Structure formats: C-alpha cells, structure tokens
Amino acid sequence: MSQYVFKLPDLGEGTVEAEIVSWKVKPGDTVAEDDVVVEVMTEKAAVEVPAPVSGRVVSTTGTPGDMVPVGAALIVFETEPGVAAASVAAVTPAPTAARSAAPGGNGAATAAVPAAAHAAAAPVAAVHSGRVATSPAVRRRAQEAGVDLQQVAGSGPNGRIVPKDFEAYVARRTQGQPTPLRTAPKAVPASARPGAARSTATQEIKVIGLRRLIAQRMSEAKRNIPHFAYVEELDITELESLRRHLNVKLERGAPALTYLPFLALALVRVLRDFPQCNAHYDAERGVIVRYGAVHLGVATQTPDGLKVPVVHDAQDRTLADLAGEMRRVSEAARTNKATRDELTGSTITITSLGKLGGIASTPIINAPEVAIIGVNRAIERPVVFEGAIAIRRTMNLSSSFDHRFVDGYDAAAMIQALKECLEHPATIFIDT
C-alpha cells in the first residue's frame, strides 16, 4: 500500500485559501474516486471537493470553520501501489484562464454568495467552459467507448457523472434500451426539524460557510454605506388587469406572470434617465462605474441562505424573456445549479418577499451596487379614486440608495418615474 497526499487545489479566480464547511468522510472510511470528501467555502463559491483517487482515508486536515491555504495538505489516502502516481497524471489540468465575470464583483448582500461548484485539481472556472462535471477517469473511459457525456444523466452532487452513471449508460446502450438524456439534479430536501426542546435548552451553531459570508457582507454594507430609504405607494390596478389578461393568453401549463417581470422591464426603461443608480462604487480606486447595460440581481431565498442570481443584459430582453430568465436563474440558485457567472456582476438588485412582503421594508444595498428596489405585498383596499371611494389594488416599493452617490432628490425622482410606468403599464412598452 502507498499513501497519496491530496492538497487543496487552486479553486480559481485568485483564491488563496478556503474555509472548511464540513467533512463528508473521516479517518478509516473507504472512498471511491469521485466521492465528495469535503465541502469548502471560498470568497466566491461553495465547493464540494471529490476524491481524486480510491482508497482509505488516513487523516484529514482541519475542522469546520478552519481556513486552509491553497496547496496545503487536505487529506491523506492509503491507496494501491502505483495509483497515486497515475492519479496525479490524470487530474493535473492544463492552465485555464478563468472566464471573467460581468462587471465588478458583488459584495454586501449575497451576489458573491456561493454557486455550487465542484473541483478536484481542476479550477472551478471549468464549470463555465461547457464541460460536463466528472472525473478524468470517467472522461477517459467515455473517450475510449465513444460516449458523449452530454447524454449521460449524472446522479452525483449537482449532476456530476460518477462511475456508476457511466457504467449504467453503457449497459443500457449495449442492451439497446433507451438512454435518458442528462437531467438537472434534484434539490436535496432540508432535514426534518427536530421536535420542540425544553424551554431551558440551548443550541450553539458555529457561524461558518455561507452564513459566515452573508453575515460578513451584510455587516460591511450596513457599516460602510449610508443608506437612504424611500417608500412609495403604487396603484397597480391597471397593472393587475394587464397581468391577468396576459396570463389568460399563455399556453396551458405555462408559468403565470408575476409582478416582478413588469417591474424589471419598467426599471430598465427608467434607468436610462438615472444612470447614477445603475452603478458600482469601486472603493479601492475611489471611482463610480456607471454601466450602459443593466445586469439585474434577483434576491432569492434558498435552503442555504440568501443568494442573488443575475439576469444579464436585461435591457435587451422582452417581458416574456425577462420572466423566463428570472425564473431560471432563481431556480438554479435554489437548487445549487447556478454557475459562478450567474451569481456575479449585478448592477442593481430587486428584492421581494412575495406575500410575506409586508407594508414596508428597508433592504440592505448589495455592494458594490448603489441601489436596491424592494417590493412589498399587493393588497386591495378602499382609496379615494377620481373623487370617489373605490377598491383599488395597491403595493409599496421600499428602496434603498447609497446616499454618498445618489442624492435624495434623484432617488425620489427615479422611484416616481418607476411608479408612473407601473401605474400606467402601457408606457412600459413604449420606446421614446
């Protein structure tokens, strides 16, 4: 038997260290190549690291919450003689330049909050290259067998193809049975909540991983950004009528339109006149960067915590396209399928709690952005309309602006322009 020391690989995008979130194995366990052995958190992503070899776990380095430098010994395996050398040759990647994210990284709230990615010795950036997630051994076997891995359904974490998936595919093909196309992984259900404890019971939960990153970014945003909050009431009766009309026209089974795509489309129109709100503040250079394109962040609650997937180039999309893309990136974030590119680069963010939206809120700006638009609950109530009491559908917008770079007058003017679009929704679709 021989020992193989697996070191923390370069996870891409300038990562120099990673935090151990949880070990999936312990000394004495036997693992197969490609089994996930540890989950780590970088400043950019949560990464599930698979074993590069098969063998028995001899030792692990660190406990949850510890920081491990790139290149430091992470786990030691006991393997068959010759396996370690062969594995090193198999997993060593060619130098790959990480695909650059859309403008600027995101900070405060969660735009840099983890995408589910996987890495052995290859950089996380490989996720963006269109390559199927699997091990070098499976990739080699597929090449020898003439199998297109894009057609193989993966059962590993986030759809990763593990050896048994490949073997099952080859067996079905040999027997002439239908081979299912590669499908998206199912979200792992949250564990059942334990029964009620005694009133004197306490529980200590170490703040690590995603929760630590959220806490850090939220604290930095609230501490460093002077938030200016502005709340305005909207009469969305006409918008509701249009929404219902368009939903009736949808094909059977198609997802219904919500208010968010209309808000997104109106926001894109309004930002043409308020470019100071579609911007980043680069604190290191002391520079405001205004963007011609609108990369729309959509704050999304997930089982792991708050994430902000991004609809890139929202200014080029139709209402239907916006609605579909907002659903897609939000679902990708919830199920840990969002790529790094889909979780970075937003220039302004929309946040909504739907029916839990309440009357008003004070959303925290998603730094380095300078504005965030919050949507509250829509309700029907009696109001004075054209000199008479009428039942109208109303909704509040609760928005926050970085008062260093967006004056109160400009913030109010932008929200009033947004209000006009949403109260008279036909104007959303008129290019002037």
# chains A, B, ... in the order shown; residues from 1 in each chain; ligands from 1
>>> select_by_dssp(residues="region 288-407 of chain A", states="strand (DSSP E or B)", output="MDAnalysis selection string")
chainID A and resid 288:290 296:298 300:302 305:307 310:311 348:352 369 371:375 379:385 388:402
>>> residues_around(residues="region 370-373 of chain A", least_positions_apart="6", cutoff="8 Å", atoms="only C-alpha atoms", output="list in words")
Cys277, Asn278, Ala279, His280, Tyr281, Ile348, Thr349, Ile350, Thr351, Pro363, Ile364, Leu397, Ser398, Ser399, Ser400, Phe401, Asp402, Phe405 and Val406 of chain A
>>> closest_residue(among="A:Asn396, A:Asn336, A:Met41, A:Glu369", to="Ser352 (chain A)", atoms="only C-alpha atoms")
A:Asn396
>>> residues_around(residues="Pro163 (chain A)", least_positions_apart="4", cutoff="9 Å", atoms="only C-alpha atoms", output="number ranges by chain")
A: 33-34, 134-135, 137-138, 167-168
>>> write_last_selection(atoms="C-alpha atoms", output="mmCIF file, in the first residue's frame")
data_model
loop_
_atom_site.group_PDB
_atom_site.id
_atom_site.type_symbol
_atom_site.label_atom_id
_atom_site.label_comp_id
_atom_site.auth_asym_id
_atom_site.auth_seq_id
_atom_site.Cartn_x
_atom_site.Cartn_y
_atom_site.Cartn_z
ATOM 1 C CA GLU A 33 -12.701 8.043 -6.838
ATOM 2 C CA ASP A 34 -15.052 10.995 -7.354
ATOM 3 C CA THR A 134 -16.967 14.282 -13.972
ATOM 4 C CA SER A 135 -13.597 12.752 -13.140
ATOM 5 C CA ALA A 137 -11.060 8.563 -15.290
ATOM 6 C CA VAL A 138 -14.688 8.652 -16.452
ATOM 7 C CA GLU A 167 -21.487 2.139 -16.466
ATOM 8 C CA ALA A 168 -25.304 2.186 -16.394
#
>>> select_by_dssp(residues="region 304-373 of chain A", states="helix (DSSP H, G or I)", output="number ranges by chain")
A: 314-316, 319-334, 341-343, 354-356
>>> residues_around(residues="Met395 (chain A)", least_positions_apart="5", cutoff="8 Å", atoms="only C-alpha atoms", output="list in words")
Glu233, Leu234, Asp235, Ile236, Val375, Asn376, Arg377, Ala378 and Ile379 of chain A
>>> write_last_selection(atoms="N, CA and C atoms", output="PDB file, in the first residue's frame")
ATOM      1  N   GLU A 233     -46.105  54.448  -2.368  1.00  0.00           N
ATOM      2  CA  GLU A 233     -47.282  53.614  -2.633  1.00  0.00           C
ATOM      3  C   GLU A 233     -47.657  53.687  -4.103  1.00  0.00           C
ATOM      4  N   LEU A 234     -48.006  52.548  -4.674  1.00  0.00           N
ATOM      5  CA  LEU A 234     -48.408  52.459  -6.069  1.00  0.00           C
ATOM      6  C   LEU A 234     -49.833  51.934  -6.175  1.00  0.00           C
ATOM      7  N   ASP A 235     -50.576  52.463  -7.137  1.00  0.00           N
ATOM      8  CA  ASP A 235     -51.876  51.911  -7.503  1.00  0.00           C
ATOM      9  C   ASP A 235     -51.631  51.016  -8.714  1.00  0.00           C
ATOM     10  N   ILE A 236     -51.666  49.723  -8.508  1.00  0.00           N
ATOM     11  CA  ILE A 236     -51.327  48.791  -9.592  1.00  0.00           C
ATOM     12  C   ILE A 236     -52.558  48.085 -10.143  1.00  0.00           C
ATOM     13  N   VAL A 375     -39.863  45.192  -3.114  1.00  0.00           N
ATOM     14  CA  VAL A 375     -41.279  45.075  -3.469  1.00  0.00           C
ATOM     15  C   VAL A 375     -42.043  44.543  -2.263  1.00  0.00           C
ATOM     16  N   ASN A 376     -43.107  45.225  -1.876  1.00  0.00           N
ATOM     17  CA  ASN A 376     -43.926  44.787  -0.752  1.00  0.00           C
ATOM     18  C   ASN A 376     -45.215  44.120  -1.232  1.00  0.00           C
ATOM     19  N   ARG A 377     -46.025  43.687  -0.276  1.00  0.00           N
ATOM     20  CA  ARG A 377     -47.224  42.915  -0.587  1.00  0.00           C
ATOM     21  C   ARG A 377     -48.256  43.758  -1.332  1.00  0.00           C
ATOM     22  N   ALA A 378     -48.908  43.169  -2.320  1.00  0.00           N
ATOM     23  CA  ALA A 378     -50.003  43.825  -3.045  1.00  0.00           C
ATOM     24  C   ALA A 378     -51.326  43.459  -2.385  1.00  0.00           C
ATOM     25  N   ILE A 379     -52.141  44.460  -2.095  1.00  0.00           N
ATOM     26  CA  ILE A 379     -53.439  44.223  -1.441  1.00  0.00           C
ATOM     27  C   ILE A 379     -54.509  45.119  -2.057  1.00  0.00           C
TER      28      ILE A 379
END
>>> atom_distance(atom1="CA of Val132 (chain A)", atom2="CA of Ala32 (chain A)")
19.3 Å
>>> residues_around(residues="region 260-267 of chain A", least_positions_apart="4", cutoff="8 Å", atoms="only C-alpha atoms", output="list in words")
Leu271, Leu296, Ala314, Gln315, Thr318, Leu319, Ala320, Leu322, Ala323, Met326, Ile350, Leu418, Cys421, Leu422 and Ile428 of chain A
>>> closest_residue(among="A:Pro50, A:Glu232, A:Gly357, A:Lys307", to="Ala413 (chain A)", atoms="only C-alpha atoms")
A:Glu232
>>> residues_around(residues="Arg392 (chain A)", least_positions_apart="3", cutoff="8 Å", atoms="only C-alpha atoms", output="number ranges by chain")
A: 235-237, 380-383
>>> closest_residue(among="A:Ala45, A:Gly253, A:Lys7, A:Gly55", to="Ile75 (chain A)", atoms="only C-alpha atoms")
A:Lys7
>>> closest_residue(among="A:Thr30, A:Ser155, A:Gln276, A:Ser241", to="Leu257 (chain A)", atoms="only C-alpha atoms")
A:Ser241
